[in-house]
Structures are given as C-alpha cells and as structure tokens.
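Undergrad: PDB, C-alpha atoms, file model.pdb:
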```
ATOM      1  CA  TRP A   1     188.174 110.024  47.606
ATOM      2  CA  ASN A   2     190.741 110.412  44.838
ATOM      3  CA  THR A   3     193.107 107.528  44.086
ATOM      4  CA  THR A   4     195.695 109.771  42.390
ATOM      5  CA  LEU A   5     196.365 111.486  45.743
ATOM      6  CA  VAL A   6     198.172 110.318  48.868
ATOM      7  CA  PRO A   7     196.019 108.746  51.623
ATOM      8  CA  GLY A   8     198.200 110.112  54.453
ATOM      9  CA  GLY A   9     201.069 108.816  56.562
ATOM     10  CA  SER A  10     202.741 105.472  57.060
ATOM     11  CA  SER A  11     199.632 103.832  58.575
ATOM     12  CA  SER A  12     197.479 104.943  55.635
ATOM     13  CA  GLY A  13     196.817 101.347  54.458
ATOM     14  CA  SER A  14     194.794 100.878  57.656
ATOM     15  CA  GLY A  15     193.044 104.225  57.109
ATOM     16  CA  VAL A  16     192.050 103.288  53.555
ATOM     17  CA  GLU A  17     190.608  99.927  54.679
ATOM     18  CA  VAL A  18     188.374 101.722  57.197
ATOM     19  CA  ALA A  19     187.412 104.434  54.671
ATOM     20  CA  LEU A  20     186.401 101.731  52.162
ATOM     21  CA  ASP A  21     184.306 100.074  54.902
ATOM     22  CA  ASN A  22     186.238  96.805  54.493
ATOM     23  CA  VAL A  23     186.793  96.736  58.271
ATOM     24  CA  GLU A  24     185.158  98.496  61.223
ATOM     25  CA  VAL A  25     188.394  99.189  63.084
ATOM     26  CA  ALA A  26     192.072  99.093  62.120
ATOM     27  CA  THR A  27     195.303  99.513  64.044
ATOM     28  CA  GLY A  28     198.142 101.856  63.177
ATOM     29  CA  THR A  29     201.074 103.620  64.795
ATOM     30  CA  ASP A  30     201.498 107.363  65.189
ATOM     31  CA  THR A  31     205.068 108.564  65.733
ATOM     32  CA  CYS A  32     204.460 111.947  64.123
ATOM     33  CA  GLY A  33     200.999 112.011  62.556
ATOM     34  CA  SER A  34     200.904 108.583  60.888
ATOM     35  CA  ILE A  35     197.409 107.921  62.254
ATOM     36  CA  ARG A  36     196.118 111.492  62.336
ATOM     37  CA  MET A  37     197.199 112.284  58.766
ATOM     38  CA  PRO A  38     195.456 109.259  57.139
ATOM     39  CA  ALA A  39     192.332 109.944  59.246
ATOM     40  CA  ASN A  40     192.477 113.540  57.980
ATOM     41  CA  TYR A  41     192.942 112.573  54.300
ATOM     42  CA  CYS A  42     190.513 109.620  54.313
ATOM     43  CA  ASN A  43     187.577 111.282  56.137
ATOM     44  CA  ILE A  44     187.599 108.939  59.141
ATOM     45  CA  CYS A  45     188.443 109.143  62.863
ATOM     46  CA  GLY A  46     191.855 108.265  64.286
ATOM     47  CA  ILE A  47     193.318 108.364  67.777
ATOM     48  CA  LYS A  48     196.955 108.860  68.701
ATOM     49  CA  PRO A  49     196.663 107.954  72.384
ATOM     50  CA  THR A  50     198.717 109.214  75.296
ATOM     51  CA  TYR A  51     202.254 107.815  75.056
ATOM     52  CA  GLY A  52     202.209 104.381  76.746
ATOM     53  CA  ALA A  53     198.417 103.982  76.747
ATOM     54  CA  LEU A  54     198.581 101.082  74.253
ATOM     55  CA  SER A  55     201.283  98.425  74.405
ATOM     56  CA  ARG A  56     203.986  98.540  71.745
ATOM     57  CA  TYR A  57     204.883  94.880  72.263
ATOM     58  CA  GLY A  58     205.276  93.220  68.843
ATOM     59  CA  VAL A  59     205.669  96.505  66.937
ATOM     60  CA  ILE A  60     209.047  97.106  65.248
ATOM     61  CA  ALA A  61     210.555 100.073  67.119
ATOM     62  CA  PHE A  62     211.089 103.205  65.017
ATOM     63  CA  ALA A  63     211.530 106.022  67.569
ATOM     64  CA  SER A  64     211.030 104.538  71.028
ATOM     65  CA  SER A  65     210.172 107.737  72.897
ATOM     66  CA  LEU A  66     207.543 108.719  70.292
ATOM     67  CA  ASP A  67     205.921 105.524  68.916
ATOM     68  CA  CYS A  68     202.217 105.273  69.811
ATOM     69  CA  PRO A  69     200.017 102.424  68.603
ATOM     70  CA  GLY A  70     196.473 103.679  67.953
ATOM     71  CA  LEU A  71     193.207 103.036  66.147
ATOM     72  CA  PHE A  72     191.123 104.054  63.135
ATOM     73  CA  ALA A  73     187.317 103.842  62.880
ATOM     74  CA  ARG A  74     184.486 105.645  61.132
ATOM     75  CA  THR A  75     183.049 106.976  64.417
ATOM     76  CA  VAL A  76     184.478 108.227  67.703
ATOM     77  CA  ALA A  77     182.070 105.919  69.565
ATOM     78  CA  LYS A  78     183.645 102.860  67.897
ATOM     79  CA  LEU A  79     187.158 104.162  68.655
ATOM     80  CA  LYS A  80     186.221 104.598  72.305
ATOM     81  CA  GLN A  81     184.657 101.127  72.561
ATOM     82  CA  VAL A  82     187.718  99.334  71.149
ATOM     83  CA  PHE A  83     190.253 101.591  72.893
ATOM     84  CA  ASN A  84     188.722 100.703  76.268
ATOM     85  CA  GLN A  85     189.216  97.013  75.449
ATOM     86  CA  VAL A  86     192.870  97.276  74.423
ATOM     87  CA  SER A  87     194.355 100.039  76.620
ATOM     88  CA  VAL A  88     195.508  97.676  79.362
ATOM     89  CA  PHE A  89     198.715  97.107  81.318
ATOM     90  CA  ASP A  90     201.181  94.837  79.485
ATOM     91  CA  PRO A  91     204.041  93.147  81.387
ATOM     92  CA  TYR A  92     206.005  92.996  78.112
ATOM     93  CA  ASP A  93     206.043  96.777  77.588
ATOM     94  CA  PRO A  94     207.430  98.954  80.415
ATOM     95  CA  THR A  95     205.978 102.132  78.822
ATOM     96  CA  SER A  96     202.454 100.710  79.323
ATOM     97  CA  GLN A  97     202.916 100.466  83.109
ATOM     98  CA  SER A  98     201.952 104.011  84.104
ATOM     99  CA  GLN A  99     200.589 104.557  87.619
ATOM    100  CA  ALA A 100     197.964 106.877  86.072
ATOM    101  CA  ARG A 101     196.407 103.969  84.149
ATOM    102  CA  ASN A 102     193.873 103.193  86.882
ATOM    103  CA  LYS A 103     192.916 106.809  87.586
ATOM    104  CA  ILE A 104     189.635 107.915  86.058
ATOM    105  CA  PHE A 105     189.732 111.342  84.434
ATOM    106  CA  ARG A 106     186.282 112.843  84.030
ATOM    107  CA  LYS A 107     187.105 116.477  83.449
ATOM    108  CA  LYS A 108     184.257 118.216  81.687
ATOM    109  CA  ILE A 109     185.388 119.974  78.515
ATOM    110  CA  LYS A 110     184.194 123.565  78.630
ATOM    111  CA  THR A 111     186.940 125.678  77.061
ATOM    112  CA  ILE A 112     188.598 125.001  73.717
ATOM    113  CA  GLY A 113     191.960 126.568  72.894
ATOM    114  CA  LEU A 114     193.053 127.614  69.405
ATOM    115  CA  PRO A 115     196.868 127.835  69.193
ATOM    116  CA  LYS A 116     197.622 130.993  67.234
ATOM    117  CA  GLU A 117     200.885 129.513  65.894
ATOM    118  CA  PHE A 118     198.886 126.822  64.022
ATOM    119  CA  PHE A 119     196.793 129.319  62.057
ATOM    120  CA  GLY A 120     199.530 131.377  60.375
ATOM    121  CA  SER A 121     200.602 131.837  56.753
ATOM    122  CA  GLY A 122     201.530 128.163  56.167
ATOM    123  CA  LEU A 123     197.932 126.969  56.550
ATOM    124  CA  SER A 124     195.743 126.576  53.451
ATOM    125  CA  PRO A 125     192.984 129.258  53.534
ATOM    126  CA  GLU A 126     190.411 126.565  52.657
ATOM    127  CA  ILE A 127     191.401 124.408  55.629
ATOM    128  CA  LYS A 128     191.447 127.456  57.910
ATOM    129  CA  LYS A 129     187.895 128.391  56.853
ATOM    130  CA  LEU A 130     186.589 124.830  57.438
ATOM    131  CA  ILE A 131     188.132 124.742  60.913
ATOM    132  CA  GLU A 132     186.660 128.166  61.719
ATOM    133  CA  THR A 133     183.214 126.851  60.665
ATOM    134  CA  ALA A 134     183.665 123.781  62.894
ATOM    135  CA  THR A 135     184.738 126.040  65.774
ATOM    136  CA  ASP A 136     181.613 128.184  65.316
ATOM    137  CA  ARG A 137     179.464 125.040  65.541
ATOM    138  CA  LEU A 138     181.167 124.100  68.801
ATOM    139  CA  LYS A 139     180.529 127.626  70.121
ATOM    140  CA  GLY A 140     176.875 127.132  69.181
ATOM    141  CA  GLN A 141     176.839 123.990  71.353
ATOM    142  CA  GLY A 142     177.924 125.983  74.418
ATOM    143  CA  PHE A 143     181.709 125.625  74.392
ATOM    144  CA  SER A 144     183.816 128.708  74.938
ATOM    145  CA  VAL A 145     186.785 129.239  72.613
ATOM    146  CA  LYS A 146     189.915 131.237  73.385
ATOM    147  CA  ALA A 147     193.275 131.826  71.718
ATOM    148  CA  VAL A 148     196.309 130.227  73.347
ATOM    149  CA  SER A 149     199.998 130.308  72.513
ATOM    150  CA  LEU A 150     202.389 127.400  71.991
ATOM    151  CA  PRO A 151     205.440 129.583  71.279
ATOM    152  CA  HIS A 152     207.940 126.773  70.685
ATOM    153  CA  SER A 153     205.674 124.661  68.428
ATOM    154  CA  SER A 154     207.343 126.056  65.299
ATOM    155  CA  TYR A 155     210.524 124.216  66.351
ATOM    156  CA  GLY A 156     208.639 120.922  66.758
ATOM    157  CA  ILE A 157     209.341 119.516  63.310
ATOM    158  CA  ALA A 158     213.081 120.369  63.555
ATOM    159  CA  ALA A 159     213.331 118.751  67.007
ATOM    160  CA  TYR A 160     211.392 115.711  65.803
ATOM    161  CA  TYR A 161     213.685 115.155  62.812
ATOM    162  CA  LEU A 162     216.703 115.060  65.127
ATOM    163  CA  ILE A 163     215.208 112.976  67.957
ATOM    164  CA  ALA A 164     213.355 110.403  65.809
ATOM    165  CA  PRO A 165     216.200 109.531  63.381
ATOM    166  CA  THR A 166     218.686 109.260  66.285
ATOM    167  CA  GLU A 167     216.432 106.706  67.990
ATOM    168  CA  THR A 168     215.802 105.034  64.623
ATOM    169  CA  CYS A 169     219.468 104.478  63.803
ATOM    170  CA  SER A 170     219.815 102.770  67.194
ATOM    171  CA  ASN A 171     216.642 100.669  66.848
ATOM    172  CA  LEU A 172     217.282  99.528  63.272
ATOM    173  CA  ALA A 173     220.969  98.700  63.834
ATOM    174  CA  ARG A 174     219.924  95.155  64.749
ATOM    175  CA  TYR A 175     218.669  94.534  61.196
ATOM    176  CA  ASP A 176     222.146  93.890  59.813
ATOM    177  CA  GLY A 177     221.427  90.459  58.307
ATOM    178  CA  VAL A 178     223.222  88.595  61.107
ATOM    179  CA  ARG A 179     220.254  87.754  63.334
ATOM    180  CA  TYR A 180     217.285  89.411  61.607
ATOM    181  CA  GLY A 181     216.083  89.168  58.020
ATOM    182  CA  GLN A 182     217.938  90.491  54.988
ATOM    183  CA  ASP A 183     220.908  92.844  54.976
ATOM    184  CA  ARG A 184     220.469  96.612  55.010
ATOM    185  CA  SER A 185     220.361  96.925  51.236
ATOM    186  CA  TYR A 186     216.701  95.889  51.581
ATOM    187  CA  PHE A 187     215.825  99.139  53.357
ATOM    188  CA  GLY A 188     214.069 101.698  51.155
ATOM    189  CA  PRO A 189     215.552 105.158  50.481
ATOM    190  CA  GLU A 190     213.514 106.882  53.234
ATOM    191  CA  ALA A 191     214.575 104.348  55.896
ATOM    192  CA  LYS A 192     218.222 104.734  54.802
ATOM    193  CA  ARG A 193     217.916 108.541  54.876
ATOM    194  CA  ARG A 194     216.620 108.502  58.444
ATOM    195  CA  ILE A 195     219.251 106.015  59.649
ATOM    196  CA  MET A 196     221.989 108.204  58.128
ATOM    197  CA  LEU A 197     220.517 111.401  59.627
ATOM    198  CA  GLY A 198     220.344 109.730  63.036
ATOM    199  CA  SER A 199     223.872 108.303  62.810
ATOM    200  CA  PHE A 200     225.167 111.810  62.091
ATOM    201  CA  ALA A 201     223.119 113.538  64.822
ATOM    202  CA  ALA A 202     224.243 110.973  67.426
ATOM    203  CA  SER A 203     227.912 110.819  66.419
ATOM    204  CA  ALA A 204     230.764 111.986  68.619
ATOM    205  CA  GLY A 205     231.196 115.742  68.432
ATOM    206  CA  TYR A 206     227.673 116.289  67.096
ATOM    207  CA  ALA A 207     225.404 114.704  69.742
ATOM    208  CA  ALA A 208     225.610 117.750  72.051
ATOM    209  CA  ARG A 209     225.150 120.145  69.142
ATOM    210  CA  TYR A 210     222.067 118.437  67.691
ATOM    211  CA  TYR A 211     220.401 115.660  69.724
ATOM    212  CA  ALA A 212     220.913 117.258  73.154
ATOM    213  CA  LYS A 213     219.589 120.618  71.929
ATOM    214  CA  ALA A 214     216.548 118.944  70.338
ATOM    215  CA  ALA A 215     215.813 117.205  73.661
ATOM    216  CA  LYS A 216     215.867 120.612  75.403
ATOM    217  CA  VAL A 217     213.472 122.045  72.796
ATOM    218  CA  ARG A 218     211.182 119.087  73.470
ATOM    219  CA  THR A 219     211.034 120.129  77.141
ATOM    220  CA  LEU A 220     210.100 123.685  76.101
ATOM    221  CA  ILE A 221     207.252 122.275  73.938
ATOM    222  CA  VAL A 222     206.009 120.170  76.876
ATOM    223  CA  ASN A 223     206.054 123.286  79.084
ATOM    224  CA  ASP A 224     204.089 125.257  76.457
ATOM    225  CA  PHE A 225     201.279 122.679  76.668
ATOM    226  CA  VAL A 226     201.377 122.690  80.484
ATOM    227  CA  GLU A 227     200.829 126.469  80.442
ATOM    228  CA  ALA A 228     198.108 126.272  77.753
ATOM    229  CA  PHE A 229     196.161 123.624  79.679
ATOM    230  CA  LYS A 230     195.980 125.963  82.683
ATOM    231  CA  GLN A 231     193.683 128.123  80.530
ATOM    232  CA  VAL A 232     191.795 125.580  78.378
ATOM    233  CA  ASP A 233     190.582 121.971  78.582
ATOM    234  CA  VAL A 234     191.412 120.874  75.038
ATOM    235  CA  ILE A 235     193.338 122.288  72.074
ATOM    236  CA  LEU A 236     191.777 122.315  68.609
ATOM    237  CA  ALA A 237     194.146 122.494  65.634
ATOM    238  CA  PRO A 238     194.513 121.543  61.966
ATOM    239  CA  VAL A 239     196.080 118.128  61.234
ATOM    240  CA  ALA A 240     197.853 119.083  57.999
ATOM    241  CA  PRO A 241     198.729 122.441  56.438
ATOM    242  CA  GLN A 242     197.514 121.477  52.945
ATOM    243  CA  PRO A 243     194.885 119.175  51.355
ATOM    244  CA  PRO A 244     196.082 115.775  50.005
ATOM    245  CA  PHE A 245     198.780 116.051  47.345
ATOM    246  CA  LYS A 246     199.559 113.858  44.309
ATOM    247  CA  LEU A 247     201.193 110.454  44.771
ATOM    248  CA  GLY A 248     204.962 110.827  44.352
ATOM    249  CA  GLU A 249     204.765 114.618  44.243
ATOM    250  CA  LYS A 250     207.115 115.189  47.189
ATOM    251  CA  THR A 251     209.400 112.141  46.918
ATOM    252  CA  ASP A 252     212.162 114.243  45.332
ATOM    253  CA  ASN A 253     211.893 116.844  48.082
ATOM    254  CA  PRO A 254     211.977 115.075  51.491
ATOM    255  CA  LEU A 255     212.089 118.380  53.383
ATOM    256  CA  GLU A 256     208.784 119.479  51.858
ATOM    257  CA  MET A 257     207.310 116.069  52.745
ATOM    258  CA  TYR A 258     208.558 116.371  56.355
ATOM    259  CA  LEU A 259     206.914 119.806  56.677
ATOM    260  CA  ALA A 260     203.512 118.173  56.102
ATOM    261  CA  ASP A 261     203.890 116.913  59.716
ATOM    262  CA  ILE A 262     204.365 120.393  61.176
ATOM    263  CA  TYR A 263     201.054 120.347  63.131
ATOM    264  CA  ALA A 264     201.443 116.701  64.178
ATOM    265  CA  ALA A 265     204.877 117.004  65.812
ATOM    266  CA  PRO A 266     204.095 119.041  68.983
ATOM    267  CA  ALA A 267     201.569 116.544  70.460
ATOM    268  CA  SER A 268     203.915 113.650  69.597
ATOM    269  CA  LEU A 269     206.911 115.270  71.280
ATOM    270  CA  ALA A 270     204.810 116.066  74.365
ATOM    271  CA  GLY A 271     203.347 112.523  74.571
ATOM    272  CA  LEU A 272     199.817 113.933  74.484
ATOM    273  CA  PRO A 273     196.703 112.213  73.111
ATOM    274  CA  SER A 274     195.259 113.634  69.910
ATOM    275  CA  LEU A 275     192.008 112.697  68.192
ATOM    276  CA  ALA A 276     191.639 113.417  64.472
ATOM    277  CA  ILE A 277     188.058 113.802  63.228
ATOM    278  CA  PRO A 278     186.530 114.957  59.915
ATOM    279  CA  CYS A 279     185.335 118.567  59.648
ATOM    280  CA  GLY A 280     184.378 119.141  56.001
ATOM    281  CA  PHE A 281     185.461 119.117  52.366
ATOM    282  CA  THR A 282     187.442 121.411  50.082
ATOM    283  CA  GLN A 283     185.911 122.807  46.867
ATOM    284  CA  ASN A 284     187.560 119.846  45.073
ATOM    285  CA  LYS A 285     185.593 117.433  47.319
ATOM    286  CA  LEU A 286     188.655 116.388  49.320
ATOM    287  CA  PRO A 287     188.285 115.599  53.028
ATOM    288  CA  VAL A 288     189.647 117.884  55.748
ATOM    289  CA  GLY A 289     189.975 116.998  59.430
ATOM    290  CA  LEU A 290     190.919 118.655  62.690
ATOM    291  CA  GLN A 291     192.684 117.342  65.767
ATOM    292  CA  LEU A 292     191.678 117.664  69.412
ATOM    293  CA  ILE A 293     194.747 117.503  71.667
TER     294      ILE A 293
END
```
Now that the file is in, can you turn its structure into structure tokens?

TA:
Amino acid sequence: WNTTLVPGGSSSGSGVEVALDNVEVATGTDTCGSIRMPANYCNICGIKPTYGALSRYGVIAFASSLDCPGLFARTVAKLKQVFNQVSVFDPYDPTSQSQARNKIFRKKIKTIGLPKEFFGSGLSPEIKKLIETATDRLKGQGFSVKAVSLPHSSYGIAAYYLIAPTETCSNLARYDGVRYGQDRSYFGPEAKRRIMLGSFAASAGYAARYYAKAAKVRTLIVNDFVEAFKQVDVILAPVAPQPPFKLGEKTDNPLEMYLADIYAAPASLAGLPSLAIPCGFTQNKLPVGLQLI
C-alpha cells in the first residue's frame, strides 16, 4: 500500500506475499502480534491460533510458551479451509497434544465485547472511528455489543518483555557456534538486545524480582479473560495503536517499537486465538484491521 512504510511484524514477508497475490496462503508465527500486525498493515486476514493448535516442530524456538504458528490469506474462508487441514496432532510437538483437540466447539457468537482498556488515549482517533463503524455494522447484523474490562491488560506488554526474552536467552543459547551455525556475532542488534534482557531477568537475584512477577501478572491477565468470557462470546479490539509508520523510524527507540504490540500481548500471554481482519482505510489510504479474540 506504501513501500516506504513498515508492513508489520516479523512474519511480514509472508503477509506481503499474500497482499501482492503472489500466493493464496502463507505461514507465519505469532509470538506477540507477528501475524496479526502484518495482516493489519497489509489489508489481509491472519490467524494467531490457540496456543498448541498448530505444531511448532521445525520452527526455531523464540519464546516457547508464546510461539504460535499461524496463517495468512486474503479471506477468512481460505484461512479456515487450510487451518482445518494443518491443525492436527503431532507426535514431535508435545504442545500440540491437547485433549481438547477432538472436541467440537460450535458456540454461536451472539455477544461481542469491547474492552474499554483498548480504546483509551493511546489509540489513534482514526483507528478508533473505523472500529466503531465496523462495530455498528455488526450491530446491524444482529449482534449485541457490550463493554467489558480487562483490567490487567495494560501490564501485558511489560510482562511479555520479561517472559519472552527470558525464554529467548535460554532457547538461543544453543547457537554458540559449537553445534549450530555461526557464532553469536551473527545475531542482529534486536536478537542480541533480547538475549541480554532475558539473561538479566533470569539471573540469580533478579529472577524472583522480574520473571516470577511477570508470570504472576500473566495469570491475572488469563483470569481477566475468563471473567470477560462469562459475559461475551468474543472480544473485538484494535490490532495496533497507530497506522503503519516509516521504515526505520523506530529502530533508534526500541521501547516505542515494543509499545506497538500493546494490543497484541494480552491474547498471546493468555494463549487465546485471535483473528485479524481488515476494517477500513485511513484518510491517507492506509489499511486498518481489527482483531477478534
């Protein structure tokens, strides 16, 4: 849509290929929005499935308790068709061996929840208006919409950036040049930053102060969703707080770049499925999406 702007997260190459119509379906991984963000910025559909729904066998582990392989396509129907073919039990991946896999869930969606914490001051007014328009269309189709609260969601990004790097420093320790590939000097600056953050958060004297607390916050976020889903069948939320930004614009400010994932983190931490779909365009003709959790 604009090649001077970012196409989304770390699976955005797959998103671009689908957006350009070079392929019908592409795979990606969503640890904290890396499928949903490219779907959002490229005007396509992307699914971050339930944790464990798709096998991770063959994927380099980043953050083991968060990594979710998923799919991109131009339509939800195509996503559904391919997802049903690939979401099978895999003896090589213990996280894919859930007892719930063979249960059929056919709950009819009647009530949509809007989390009030996702529609505060950090959200672009343009994106908010487009999501409100989409919500009105859903109301017109007979769905009821009600406000819900996810009170601990604002801590999601902080918890994520303690849990994920800690798991990353453990997972990437094997790439030391002894058994696998090149030595660690071949890692890029962002990979090094996350390994160093994780090494610090997991180190003696700090693990209880940082990692253990983040794990407790994760439980609070899970409980927030449990309570919300007693009132509604699905949660509708923005994917990103702002429209696509310029390539390289945030590379000097990693914290600002991490905050782009603020609406992606809660579903990732809770292991919940989230579908990103297009919902309109900004005045500058840039795509905007929403996510259904």

Undergrad: Near A:Ala61, within 12 Å and counting all atoms listed in the file, which residues show up once chain neighbours fewer than 4 positions away are dropped, as number ranges by chain?

TA: A: 29-31, 55-57, 65-69, 93, 164-165, 167-175

Undergrad: Taking all atoms listed in the file into account, which of A:Ala204, A:Val222, A:Ala276, A:Ala147 comes nearest A:Gly33?

TA: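 Nearest to A:Gly33: A:Ala276.
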
Undergrad: Extending 8 Å beyond the listed atoms of stretch 52-67 of chain A on each side, what axis-aligned box results? I want centre and edge lengths in Å to one decimal, as JSON.

TA:
```
{"center_x": 205.0, "center_y": 101.0, "center_z": 70.9, "size_x": 29.1, "size_y": 31.5, "size_z": 27.7}
```

Undergrad: So the first atom is atom CA of A:Gly122 and the second is atom CA of A:Ala265; what is the distance between them in Å, to one decimal place?

TA: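 Distance reported for this atom pair: 15.1 Å.
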
Undergrad: Write out as a PyMOL selection string which residues come within 6 Å of A:Ser87 when counting all atoms listed in the file, dropping same-chain ones fewer than 3 positions away.

TA: chain A and resi 53-54+83-84

Undergrad: Could you jot down the atom CA of A:Cys279 to atom CA of A:Ile157 separation for me, Å, one decimal place?

TA: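 If I compute the distance from atom CA of A:Cys279 to atom CA of A:Ile157, I get 24.3 Å.
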
Undergrad: For stretch 81-101 of chain A of the block above, can you save N, CA, C and O atoms as a compact mmCIF listing (two decimals), in the first residue's frame?

TA:
```
# COMPACT_ATOMS: atom_id res chain seq x y z
N GLN A 81 -10.23 -23.07 5.67
CA GLN A 81 -10.01 -24.30 4.87
C GLN A 81 -8.63 -24.89 5.16
O GLN A 81 -8.49 -26.08 5.43
N VAL A 82 -7.60 -24.05 5.11
CA VAL A 82 -6.22 -24.54 5.28
C VAL A 82 -5.96 -24.89 6.75
O VAL A 82 -5.31 -25.90 7.05
N PHE A 83 -6.48 -24.07 7.66
CA PHE A 83 -6.29 -24.35 9.09
C PHE A 83 -6.82 -25.73 9.45
O PHE A 83 -6.18 -26.49 10.19
N ASN A 84 -7.99 -26.08 8.91
CA ASN A 84 -8.57 -27.39 9.21
C ASN A 84 -7.71 -28.54 8.68
O ASN A 84 -7.78 -29.67 9.18
N GLN A 85 -6.91 -28.27 7.66
CA GLN A 85 -6.02 -29.30 7.12
C GLN A 85 -4.75 -29.47 7.94
O GLN A 85 -4.16 -30.56 7.98
N VAL A 86 -4.30 -28.39 8.58
CA VAL A 86 -2.98 -28.45 9.24
C VAL A 86 -3.03 -28.49 10.77
O VAL A 86 -2.02 -28.76 11.41
N SER A 87 -4.20 -28.26 11.36
CA SER A 87 -4.28 -28.22 12.84
C SER A 87 -4.48 -29.63 13.39
O SER A 87 -5.53 -29.96 13.94
N VAL A 88 -3.47 -30.46 13.23
CA VAL A 88 -3.57 -31.87 13.66
C VAL A 88 -2.54 -32.17 14.74
O VAL A 88 -1.55 -31.46 14.90
N PHE A 89 -2.78 -33.24 15.46
CA PHE A 89 -1.87 -33.76 16.47
C PHE A 89 -0.52 -34.07 15.83
O PHE A 89 -0.45 -34.61 14.73
N ASP A 90 0.58 -33.71 16.53
CA ASP A 90 1.92 -34.00 16.01
C ASP A 90 2.74 -34.67 17.11
O ASP A 90 2.99 -34.06 18.15
N PRO A 91 3.17 -35.92 16.90
CA PRO A 91 3.94 -36.61 17.95
C PRO A 91 5.27 -35.91 18.27
O PRO A 91 5.85 -36.14 19.33
N TYR A 92 5.73 -35.03 17.37
CA TYR A 92 7.01 -34.34 17.60
C TYR A 92 6.86 -33.05 18.42
O TYR A 92 7.86 -32.42 18.73
N ASP A 93 5.63 -32.64 18.70
CA ASP A 93 5.43 -31.40 19.45
C ASP A 93 4.46 -31.64 20.60
O ASP A 93 3.25 -31.74 20.38
N PRO A 94 4.96 -31.74 21.84
CA PRO A 94 4.05 -32.03 22.97
C PRO A 94 2.97 -30.97 23.18
O PRO A 94 1.91 -31.28 23.70
N THR A 95 3.22 -29.70 22.76
CA THR A 95 2.19 -28.67 22.95
C THR A 95 1.01 -28.86 21.99
O THR A 95 -0.02 -28.23 22.15
N SER A 96 1.16 -29.72 20.97
CA SER A 96 0.06 -29.93 20.02
C SER A 96 -0.84 -31.09 20.45
O SER A 96 -1.73 -31.49 19.73
N GLN A 97 -0.58 -31.65 21.65
CA GLN A 97 -1.27 -32.89 22.05
C GLN A 97 -2.39 -32.66 23.05
O GLN A 97 -2.65 -33.48 23.93
N SER A 98 -3.10 -31.53 22.90
CA SER A 98 -4.18 -31.20 23.82
C SER A 98 -5.34 -32.18 23.71
O SER A 98 -5.73 -32.60 22.63
N GLN A 99 -5.92 -32.50 24.88
CA GLN A 99 -7.10 -33.38 24.91
C GLN A 99 -8.30 -32.70 24.24
O GLN A 99 -9.22 -33.37 23.77
N ALA A 100 -8.30 -31.36 24.21
CA ALA A 100 -9.43 -30.61 23.65
C ALA A 100 -9.46 -30.66 22.12
O ALA A 100 -10.42 -30.23 21.50
N ARG A 101 -8.37 -31.17 21.52
CA ARG A 101 -8.25 -31.14 20.06
C ARG A 101 -9.43 -31.80 19.35
O ARG A 101 -9.88 -31.35 18.31
```
